[in-house]
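Shown next: data.pdb, given as PDB, C-alpha atoms, pLDDT in the B column.
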```pdb
ATOM      1  CA  MET A 209       5.853 -75.296 -53.048  1.00 55.00           C
ATOM      2  CA  THR A 210       6.994 -76.902 -56.303  1.00 62.00           C
ATOM      3  CA  ILE A 211      10.654 -77.311 -57.244  1.00 57.00           C
ATOM      4  CA  THR A 212      10.305 -74.660 -59.969  1.00 46.00           C
ATOM      5  CA  LYS A 213       8.828 -72.136 -57.535  1.00 59.00           C
ATOM      6  CA  ALA A 214      11.509 -72.935 -54.969  1.00 56.00           C
ATOM      7  CA  ILE A 215      14.263 -72.329 -57.525  1.00 49.00           C
ATOM      8  CA  GLY A 216      12.587 -69.102 -58.620  1.00 53.00           C
ATOM      9  CA  ALA A 217      12.220 -67.908 -55.023  1.00 60.00           C
ATOM     10  CA  GLY A 218      15.847 -68.750 -54.287  1.00 58.00           C
ATOM     11  CA  ALA A 219      17.101 -66.943 -57.385  1.00 56.00           C
ATOM     12  CA  ASN A 220      14.949 -63.916 -56.572  1.00 61.00           C
ATOM     13  CA  SER A 221      16.365 -63.822 -53.026  1.00 67.00           C
ATOM     14  CA  ILE A 222      19.904 -63.792 -54.421  1.00 66.00           C
ATOM     15  CA  ILE A 223      19.014 -61.006 -56.860  1.00 67.00           C
ATOM     16  CA  LEU A 224      17.491 -58.972 -54.010  1.00 72.00           C
ATOM     17  CA  LEU A 225      20.687 -59.355 -51.962  1.00 71.00           C
ATOM     18  CA  ILE A 226      22.755 -58.193 -54.939  1.00 71.00           C
ATOM     19  CA  VAL A 227      20.434 -55.218 -55.483  1.00 71.00           C
ATOM     20  CA  ARG A 228      20.661 -54.205 -51.800  1.00 75.00           C
ATOM     21  CA  GLY A 229      24.444 -54.440 -51.852  1.00 75.00           C
ATOM     22  CA  LEU A 230      24.729 -52.369 -55.010  1.00 71.00           C
ATOM     23  CA  ALA A 231      22.228 -49.832 -53.682  1.00 70.00           C
ATOM     24  CA  LEU A 232      24.316 -49.424 -50.531  1.00 68.00           C
ATOM     25  CA  SER A 233      27.439 -48.962 -52.640  1.00 71.00           C
ATOM     26  CA  ARG A 234      25.726 -45.994 -54.315  1.00 73.00           C
ATOM     27  CA  ILE A 235      26.918 -47.064 -57.738  1.00 84.00           C
ATOM     28  CA  HIS A 236      24.953 -45.394 -60.514  1.00 86.00           C
ATOM     29  CA  PRO A 237      22.586 -47.726 -62.419  1.00 87.00           C
ATOM     30  CA  ASN A 238      23.965 -46.508 -65.751  1.00 89.00           C
ATOM     31  CA  VAL A 239      27.413 -47.683 -64.659  1.00 89.00           C
ATOM     32  CA  LEU A 240      25.962 -51.149 -64.051  1.00 89.00           C
ATOM     33  CA  THR A 241      24.459 -51.088 -67.534  1.00 91.00           C
ATOM     34  CA  PHE A 242      27.842 -50.169 -69.018  1.00 94.00           C
ATOM     35  CA  ILE A 243      29.596 -52.913 -67.041  1.00 92.00           C
ATOM     36  CA  GLY A 244      27.092 -55.395 -68.479  1.00 93.00           C
ATOM     37  CA  LEU A 245      28.085 -54.255 -71.977  1.00 95.00           C
ATOM     38  CA  LEU A 246      31.783 -54.738 -71.205  1.00 96.00           C
ATOM     39  CA  ILE A 247      31.127 -58.249 -69.906  1.00 95.00           C
ATOM     40  CA  ASN A 248      29.201 -59.105 -73.070  1.00 96.00           C
ATOM     41  CA  ILE A 249      32.112 -57.836 -75.164  1.00 97.00           C
ATOM     42  CA  GLY A 250      34.319 -60.222 -73.193  1.00 97.00           C
ATOM     43  CA  ALA A 251      31.869 -63.036 -74.006  1.00 97.00           C
ATOM     44  CA  ALA A 252      32.016 -62.019 -77.677  1.00 97.00           C
ATOM     45  CA  VAL A 253      35.811 -62.407 -77.641  1.00 98.00           C
ATOM     46  CA  LEU A 254      35.402 -65.907 -76.203  1.00 98.00           C
ATOM     47  CA  LEU A 255      32.852 -66.775 -78.888  1.00 97.00           C
ATOM     48  CA  ALA A 256      35.235 -65.526 -81.574  1.00 97.00           C
ATOM     49  CA  ARG A 257      37.862 -67.915 -80.203  1.00 97.00           C
ATOM     50  CA  GLY A 258      35.444 -70.845 -80.167  1.00 95.00           C
ATOM     51  CA  LYS A 259      35.358 -71.066 -76.357  1.00 97.00           C
ATOM     52  CA  PHE A 260      31.591 -71.467 -76.238  1.00 97.00           C
ATOM     53  CA  VAL A 261      31.134 -72.902 -72.728  1.00 96.00           C
ATOM     54  CA  ALA A 262      33.180 -70.128 -71.140  1.00 97.00           C
ATOM     55  CA  ALA A 263      31.284 -67.573 -73.236  1.00 97.00           C
ATOM     56  CA  GLY A 264      27.949 -68.981 -72.053  1.00 96.00           C
ATOM     57  CA  LEU A 265      28.995 -68.599 -68.411  1.00 96.00           C
ATOM     58  CA  VAL A 266      30.146 -65.027 -69.028  1.00 96.00           C
ATOM     59  CA  ILE A 267      26.851 -64.169 -70.750  1.00 95.00           C
ATOM     60  CA  ILE A 268      25.049 -65.411 -67.623  1.00 92.00           C
ATOM     61  CA  GLY A 269      27.192 -63.020 -65.560  1.00 90.00           C
ATOM     62  CA  ALA A 270      26.334 -60.147 -67.896  1.00 91.00           C
ATOM     63  CA  GLY A 271      22.655 -61.079 -67.553  1.00 87.00           C
ATOM     64  CA  ILE A 272      22.859 -60.481 -63.807  1.00 85.00           C
ATOM     65  CA  PHE A 273      23.855 -56.861 -64.434  1.00 84.00           C
ATOM     66  CA  ASP A 274      21.054 -56.596 -66.977  1.00 83.00           C
ATOM     67  CA  MET A 275      18.561 -57.786 -64.353  1.00 81.00           C
ATOM     68  CA  VAL A 276      19.715 -55.576 -61.497  1.00 83.00           C
ATOM     69  CA  ASP A 277      20.386 -52.177 -63.076  1.00 82.00           C
ATOM     70  CA  GLY A 278      16.704 -51.265 -63.260  1.00 80.00           C
ATOM     71  CA  ARG A 279      16.017 -52.596 -59.763  1.00 82.00           C
ATOM     72  CA  VAL A 280      18.938 -50.621 -58.347  1.00 83.00           C
ATOM     73  CA  ALA A 281      17.601 -47.507 -60.090  1.00 84.00           C
ATOM     74  CA  ARG A 282      14.206 -48.008 -58.425  1.00 80.00           C
ATOM     75  CA  ALA A 283      15.723 -48.872 -55.037  1.00 82.00           C
ATOM     76  CA  THR A 284      17.877 -45.735 -55.022  1.00 82.00           C
ATOM     77  CA  GLY A 285      15.312 -43.383 -56.588  1.00 85.00           C
ATOM     78  CA  GLN A 286      17.444 -42.874 -59.701  1.00 85.00           C
ATOM     79  CA  VAL A 287      14.877 -43.852 -62.322  1.00 85.00           C
ATOM     80  CA  THR A 288      15.154 -41.465 -65.283  1.00 89.00           C
ATOM     81  CA  ARG A 289      13.891 -41.348 -68.848  1.00 89.00           C
ATOM     82  CA  PHE A 290      17.477 -41.304 -70.102  1.00 93.00           C
ATOM     83  CA  GLY A 291      18.303 -44.379 -68.022  1.00 89.00           C
ATOM     84  CA  GLY A 292      15.714 -46.449 -69.862  1.00 89.00           C
ATOM     85  CA  PHE A 293      16.961 -45.134 -73.213  1.00 92.00           C
ATOM     86  CA  PHE A 294      20.601 -45.792 -72.279  1.00 92.00           C
ATOM     87  CA  ASP A 295      19.775 -49.342 -71.186  1.00 91.00           C
ATOM     88  CA  SER A 296      17.995 -50.086 -74.470  1.00 91.00           C
ATOM     89  CA  VAL A 297      20.839 -48.719 -76.604  1.00 94.00           C
ATOM     90  CA  LEU A 298      23.513 -50.686 -74.747  1.00 94.00           C
ATOM     91  CA  ASP A 299      21.367 -53.828 -74.939  1.00 92.00           C
ATOM     92  CA  ARG A 300      21.482 -53.536 -78.727  1.00 94.00           C
ATOM     93  CA  TYR A 301      25.265 -53.146 -78.654  1.00 96.00           C
ATOM     94  CA  SER A 302      25.538 -56.184 -76.366  1.00 95.00           C
ATOM     95  CA  ASP A 303      23.405 -58.297 -78.710  1.00 95.00           C
ATOM     96  CA  LEU A 304      25.393 -57.270 -81.763  1.00 96.00           C
ATOM     97  CA  ALA A 305      28.738 -57.776 -79.999  1.00 97.00           C
ATOM     98  CA  LEU A 306      27.880 -61.410 -79.213  1.00 97.00           C
ATOM     99  CA  LEU A 307      26.770 -62.076 -82.774  1.00 97.00           C
ATOM    100  CA  MET A 308      29.872 -60.365 -84.167  1.00 97.00           C
ATOM    101  CA  GLY A 309      31.906 -62.789 -82.064  1.00 97.00           C
ATOM    102  CA  LEU A 310      30.099 -65.664 -83.759  1.00 97.00           C
ATOM    103  CA  LEU A 311      30.676 -64.074 -87.175  1.00 97.00           C
ATOM    104  CA  VAL A 312      34.405 -63.939 -86.512  1.00 97.00           C
ATOM    105  CA  TYR A 313      34.436 -67.548 -85.326  1.00 97.00           C
ATOM    106  CA  TYR A 314      32.555 -68.964 -88.311  1.00 97.00           C
ATOM    107  CA  ALA A 315      34.644 -66.875 -90.724  1.00 97.00           C
ATOM    108  CA  SER A 316      37.848 -68.168 -89.103  1.00 97.00           C
ATOM    109  CA  ILE A 317      36.834 -71.800 -89.729  1.00 96.00           C
ATOM    110  CA  ASN A 318      35.535 -71.047 -93.252  1.00 96.00           C
ATOM    111  CA  ARG A 319      31.896 -71.841 -92.493  1.00 96.00           C
ATOM    112  CA  ASN A 320      30.470 -69.276 -94.891  1.00 95.00           C
ATOM    113  CA  PHE A 321      26.923 -70.586 -94.618  1.00 96.00           C
ATOM    114  CA  TYR A 322      26.903 -69.950 -90.872  1.00 96.00           C
ATOM    115  CA  VAL A 323      28.391 -66.502 -91.427  1.00 97.00           C
ATOM    116  CA  VAL A 324      25.310 -65.705 -93.514  1.00 96.00           C
ATOM    117  CA  LEU A 325      23.011 -67.367 -90.971  1.00 97.00           C
ATOM    118  CA  THR A 326      24.526 -65.299 -88.148  1.00 97.00           C
ATOM    119  CA  ALA A 327      24.051 -62.177 -90.271  1.00 96.00           C
ATOM    120  CA  LEU A 328      20.360 -63.084 -90.613  1.00 96.00           C
ATOM    121  CA  VAL A 329      20.168 -63.435 -86.837  1.00 96.00           C
ATOM    122  CA  MET A 330      21.759 -59.999 -86.452  1.00 96.00           C
ATOM    123  CA  THR A 331      19.198 -58.555 -88.844  1.00 95.00           C
ATOM    124  CA  ALA A 332      16.328 -60.183 -86.966  1.00 95.00           C
ATOM    125  CA  SER A 333      17.667 -58.958 -83.600  1.00 94.00           C
ATOM    126  CA  VAL A 334      17.842 -55.366 -84.790  1.00 94.00           C
ATOM    127  CA  MET A 335      14.536 -55.440 -86.641  1.00 95.00           C
ATOM    128  CA  VAL A 336      12.557 -56.988 -83.771  1.00 94.00           C
ATOM    129  CA  SER A 337      13.528 -54.009 -81.626  1.00 92.00           C
ATOM    130  CA  TYR A 338      13.171 -51.468 -84.429  1.00 93.00           C
ATOM    131  CA  THR A 339       9.704 -52.575 -85.509  1.00 95.00           C
ATOM    132  CA  ARG A 340       8.383 -52.232 -81.966  1.00 92.00           C
ATOM    133  CA  ALA A 341       9.993 -48.821 -81.458  1.00 92.00           C
ATOM    134  CA  ARG A 342       8.772 -47.532 -84.807  1.00 93.00           C
ATOM    135  CA  ALA A 343       5.313 -49.075 -84.447  1.00 94.00           C
ATOM    136  CA  GLU A 344       4.788 -47.414 -81.077  1.00 92.00           C
ATOM    137  CA  ASN A 345       5.222 -44.046 -82.770  1.00 92.00           C
ATOM    138  CA  THR A 346       2.125 -44.958 -84.764  1.00 90.00           C
ATOM    139  CA  ILE A 347       0.016 -47.128 -82.448  1.00 92.00           C
ATOM    140  CA  PRO A 348      -0.158 -47.263 -78.643  1.00 92.00           C
ATOM    141  CA  MET A 349       1.623 -50.605 -78.148  1.00 92.00           C
ATOM    142  CA  CYS A 350       3.271 -53.371 -80.174  1.00 92.00           C
ATOM    143  CA  LYS A 351       4.462 -56.232 -77.962  1.00 89.00           C
ATOM    144  CA  VAL A 352       3.333 -59.098 -80.171  1.00 91.00           C
ATOM    145  CA  GLY A 353       5.741 -61.828 -81.195  1.00 86.00           C
ATOM    146  CA  PHE A 354       7.976 -64.181 -79.282  1.00 84.00           C
ATOM    147  CA  MET A 355      11.648 -63.642 -80.093  1.00 88.00           C
ATOM    148  CA  GLU A 356      12.472 -60.627 -77.923  1.00 88.00           C
ATOM    149  CA  ARG A 357      15.819 -60.017 -76.228  1.00 89.00           C
ATOM    150  CA  PRO A 358      15.379 -62.264 -73.154  1.00 87.00           C
ATOM    151  CA  GLU A 359      14.461 -65.232 -75.347  1.00 91.00           C
ATOM    152  CA  ARG A 360      17.399 -64.576 -77.667  1.00 93.00           C
ATOM    153  CA  VAL A 361      19.877 -64.328 -74.792  1.00 92.00           C
ATOM    154  CA  VAL A 362      18.604 -67.521 -73.155  1.00 92.00           C
ATOM    155  CA  LEU A 363      18.878 -69.381 -76.453  1.00 94.00           C
ATOM    156  CA  LEU A 364      22.434 -68.128 -76.995  1.00 95.00           C
ATOM    157  CA  ILE A 365      23.377 -69.309 -73.500  1.00 94.00           C
ATOM    158  CA  ILE A 366      21.874 -72.742 -74.208  1.00 95.00           C
ATOM    159  CA  GLY A 367      23.644 -72.934 -77.557  1.00 95.00           C
ATOM    160  CA  ALA A 368      26.985 -72.001 -76.009  1.00 96.00           C
ATOM    161  CA  LEU A 369      26.806 -74.215 -72.916  1.00 95.00           C
ATOM    162  CA  PHE A 370      25.536 -77.322 -74.720  1.00 95.00           C
ATOM    163  CA  ASP A 371      27.408 -76.850 -78.020  1.00 91.00           C
ATOM    164  CA  ARG A 372      24.159 -76.452 -79.948  1.00 94.00           C
ATOM    165  CA  MET A 373      24.790 -73.035 -81.437  1.00 95.00           C
ATOM    166  CA  ALA A 374      23.826 -73.997 -84.998  1.00 94.00           C
ATOM    167  CA  PRO A 375      20.234 -75.058 -84.113  1.00 95.00           C
ATOM    168  CA  VAL A 376      19.904 -71.981 -81.896  1.00 96.00           C
ATOM    169  CA  LEU A 377      20.880 -69.695 -84.771  1.00 96.00           C
ATOM    170  CA  TRP A 378      18.285 -71.357 -87.002  1.00 96.00           C
ATOM    171  CA  ILE A 379      15.586 -70.848 -84.364  1.00 95.00           C
ATOM    172  CA  VAL A 380      16.447 -67.196 -83.771  1.00 95.00           C
ATOM    173  CA  ALA A 381      16.755 -66.436 -87.488  1.00 95.00           C
ATOM    174  CA  VAL A 382      13.415 -68.008 -88.399  1.00 96.00           C
ATOM    175  CA  VAL A 383      11.318 -67.055 -85.357  1.00 95.00           C
ATOM    176  CA  GLY A 384      12.944 -63.632 -85.097  1.00 95.00           C
ATOM    177  CA  ASN A 385      12.057 -62.673 -88.649  1.00 95.00           C
ATOM    178  CA  LEU A 386       8.566 -64.143 -88.208  1.00 95.00           C
ATOM    179  CA  THR A 387       8.227 -61.854 -85.176  1.00 95.00           C
ATOM    180  CA  VAL A 388       9.115 -58.890 -87.388  1.00 95.00           C
ATOM    181  CA  ILE A 389       6.468 -59.909 -89.924  1.00 95.00           C
ATOM    182  CA  HIS A 390       3.924 -60.423 -87.132  1.00 95.00           C
ATOM    183  CA  ARG A 391       4.602 -56.938 -85.794  1.00 95.00           C
ATOM    184  CA  MET A 392       4.262 -55.424 -89.254  1.00 96.00           C
ATOM    185  CA  MET A 393       0.894 -57.125 -89.772  1.00 95.00           C
ATOM    186  CA  PHE A 394      -0.281 -56.158 -86.284  1.00 95.00           C
ATOM    187  CA  THR A 395       0.745 -52.532 -86.803  1.00 95.00           C
ATOM    188  CA  PHE A 396      -1.004 -52.456 -90.183  1.00 95.00           C
ATOM    189  CA  SER A 397      -4.234 -53.711 -88.605  1.00 94.00           C
ATOM    190  CA  GLU A 398      -4.074 -51.394 -85.596  1.00 93.00           C
ATOM    191  CA  ALA A 399      -3.124 -48.346 -87.678  1.00 93.00           C
ATOM    192  CA  ARG A 400      -5.991 -48.972 -90.089  1.00 92.00           C
ATOM    193  CA  GLN A 401      -8.455 -49.209 -87.204  1.00 92.00           C
ATOM    194  CA  LEU A 402      -7.167 -45.937 -85.760  1.00 89.00           C
ATOM    195  CA  GLU A 403      -7.454 -44.216 -89.136  1.00 87.00           C
ATOM    196  CA  GLU A 404     -10.998 -45.504 -89.652  1.00 85.00           C
ATOM    197  CA  THR A 405     -11.964 -44.255 -86.204  1.00 85.00           C
ATOM    198  CA  GLN A 406     -10.534 -40.806 -86.947  1.00 81.00           C
ATOM    199  CA  LEU A 407     -12.300 -40.603 -90.323  1.00 76.00           C
ATOM    200  CA  ARG A 408     -15.633 -41.777 -88.951  1.00 72.00           C
ATOM    201  CA  PRO A 409     -18.012 -38.804 -88.603  1.00 67.00           C
ATOM    202  CA  PRO A 410     -18.964 -38.003 -85.032  1.00 64.00           C
ATOM    203  CA  VAL A 411     -22.369 -39.230 -83.885  1.00 60.00           C
ATOM    204  CA  ALA A 412     -24.744 -36.307 -83.481  1.00 56.00           C
ATOM    205  CA  LYS A 413     -26.171 -36.022 -79.996  1.00 57.00           C
ATOM    206  CA  SER A 414     -29.948 -35.849 -79.855  1.00 52.00           C
ATOM    207  CA  VAL A 415     -31.346 -32.850 -78.038  1.00 50.00           C
ATOM    208  CA  SER A 416     -34.603 -33.467 -76.215  1.00 50.00           C
ATOM    209  CA  SER A 417     -36.919 -30.550 -75.649  1.00 45.00           C
ATOM    210  CA  SER A 418     -39.578 -30.412 -72.990  1.00 45.00           C
ATOM    211  CA  ASN A 419     -42.916 -28.594 -73.439  1.00 44.00           C
TER     212      ASN A 419
END
```

Translate this structure into C-alpha cells?
Amino acid sequence: MTITKAIGAGANSIILLIVRGLALSRIHPNVLTFIGLLINIGAAVLLARGKFVAAGLVIIGAGIFDMVDGRVARATGQVTRFGGFFDSVLDRYSDLALLMGLLVYYASINRNFYVVLTALVMTASVMVSYTRARAENTIPMCKVGFMERPERVVLLIIGALFDRMAPVLWIVAVVGNLTVIHRMMFTFSEARQLEETQLRPPVAKSVSSSN
C-alpha cells in the first residue's frame, strides 16, 4: 500500500467512526448540515479579522460536517429529497459567508482591487452552481468543468493556512468563470442535439408481406 492510499484509508476510518457515533446519537442529518454552516460563519469572522490560519483550521472542521451529513442520513435511513436540497442551499450560504469575510478584510485594509477580485470569485461560485442547476432543467446532466465546491473549499483552506490567499482568489476567479463558460457551451451543444433529434422525422418501419 502506498503512503497516499494509507492516508486515505486512515482518514476514511476516522470518518466512519464519526458517522457511527453520530448515527448512534440519533442527531438529524439536517442539523449537522446547519452546524456546518454555523462553523463556516465562524471561519468567515476569522477571515474578516485577518486571522487566516485559524480560519483555515475552522474551515477544515466545517468540512467534516459537510462530509458526514449525507453518510449519517444513509446510515440512519433518513435520506430525503428535501435533505439534498437543504444541503445544497446551505452550501451556497457557507461559500458566500467565507467570501464575505474576505470582502470585509480587504475593505478594512483598503485593498480595493482585492475587494473586486473577491466579488468576481463570489460571482463565479454562484454561477458555477447555477449553470449546472439550470442546465439540468434542459439537458440530462451538466457536470463539466473543474472549479466545483470541493475544489474551491480546498483552495481556500490552502490559501488561508499558507498565507497565499491572493493567488488562490486569482485561480478561483479565472478557472471558476471558465467553468461557467464551459458549461454554457456544453449545454448549447447538448440542447441543440436534443432539439435536432426531436425534429428529425421518425424512420418508417418496413412491412414485409409473405405470399

Separation of CA of Val261 (chain A) from CA of Ala368 (chain A), in Å and rounded to one decimal: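 We find that CA of Val261 (chain A) and CA of Ala368 (chain A) lie 5.4 Å from each other.
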
ask   = Between A:Asn320, A:Phe294, A:Val227, A:Leu246, which is the closest to Ala281 (chain A) once you count all atoms listed in the file?
value =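 For Ala281 (chain A), the nearest of the given residues is A:Val227.
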
If you count only C-alpha atoms, the residue of A:Val380, A:Ile249, A:Ala332, A:Ile389 closest to Val352 (chain A) turns out to be A:Ile389

| said: Translate the PyMOL selection byres ((chain A and resi 270) around 10) into a concrete residue list for this structure, as a list in words. | reply: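 On this input, the PyMOL selection byres ((chain A and resi 270) around 10) captures Leu240, Thr241, Ile243, Gly244, Leu245, Leu246, Ile247, Asn248, Ile249, Gly250, Ala251, Gly264, Leu265, Val266, Ile267, Ile268, Gly269, Gly271, Ile272, Phe273, Asp274, Met275 and Ser302 of chain A.
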
**OP:** Find the residue from A:Asp277, A:Glu356, A:Asp371, A:Glu403 that sits nearest to Asp303 (chain A); use all atoms listed in the file when measuring.
**Re:**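 The closest residue to Asp303 (chain A) is A:Glu356.
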
Exercise for review: For the structure provided, state which residues fall under the PyMOL selection byres ((chain A and resi 359) around 12), and present them as a list in words.
Suggested key: Asp303, Ser333, Val336, Gly353, Phe354, Met355, Glu356, Arg357, Pro358, Arg360, Val361, Val362, Leu363, Leu364, Ile365, Ile366, Val376, Ile379, Val380, Val383 and Gly384 of chain A

One residue among A:Phe396, A:Tyr322, A:Phe293, A:Tyr338 is nearest to Pro375 (chain A) when using all atoms listed in the file, and that residue is A:Tyr322

**Request:** Find the residue from A:Leu369, A:Leu304, A:Pro348, A:Val239 that sits nearest to Val280 (chain A); use all atoms listed in the file when measuring.
**Result:**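 Among the listed residues, the smallest separation from Val280 (chain A) belongs to A:Val239.
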
Q: Calculate how many Å separate CA of Ala381 (chain A) from CA of Leu325 (chain A), rounding to one decimal.
A: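 These atoms are spaced 7.2 Å apart.
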
* Asked: Leaving out region 305-313 of chain A and any residue of its chain fewer than 4 positions from it, which residues lie within 8 Å of it when counting only C-alpha atoms, given as number ranges by chain?
  -> A: 248-249, 251-258, 301, 317, 322-323, 326-327, 329-330

Min atom-atom distance to Arg342 (chain A) from the set A:Met392, A:Ala263, A:Val287, A:Ile226, counting all atoms listed in the file, belongs to A:Met392

Rounded to one decimal in Å, what is the spacing between CA of Arg340 (chain A) and CA of Leu298 (chain A)?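 Calculated distance between CA of Arg340 (chain A) and CA of Leu298 (chain A) is 16.8 Å.
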
request  = Do a neighbour search on Ser397 (chain A) at 12 Å with all atoms listed in the file, toss out local chain neighbours closer than 6 positions, and write the hits as a list in words.
outcome  =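 With the cut-off at 12 Å, the set is Ala343, Thr346, Ile347, Cys350, His390, Arg391, Glu403 and Glu404 of chain A.
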
Padded axis-aligned box of region 272-291 of chain A (5 Å per side), centre and edge lengths, Å, one decimal, as lines of an AutoDock Vina configuration file:
```
center_x = 18.9
center_y = -50.9
center_z = -62.6
size_x = 20.0
size_y = 29.2
size_z = 25.1
```
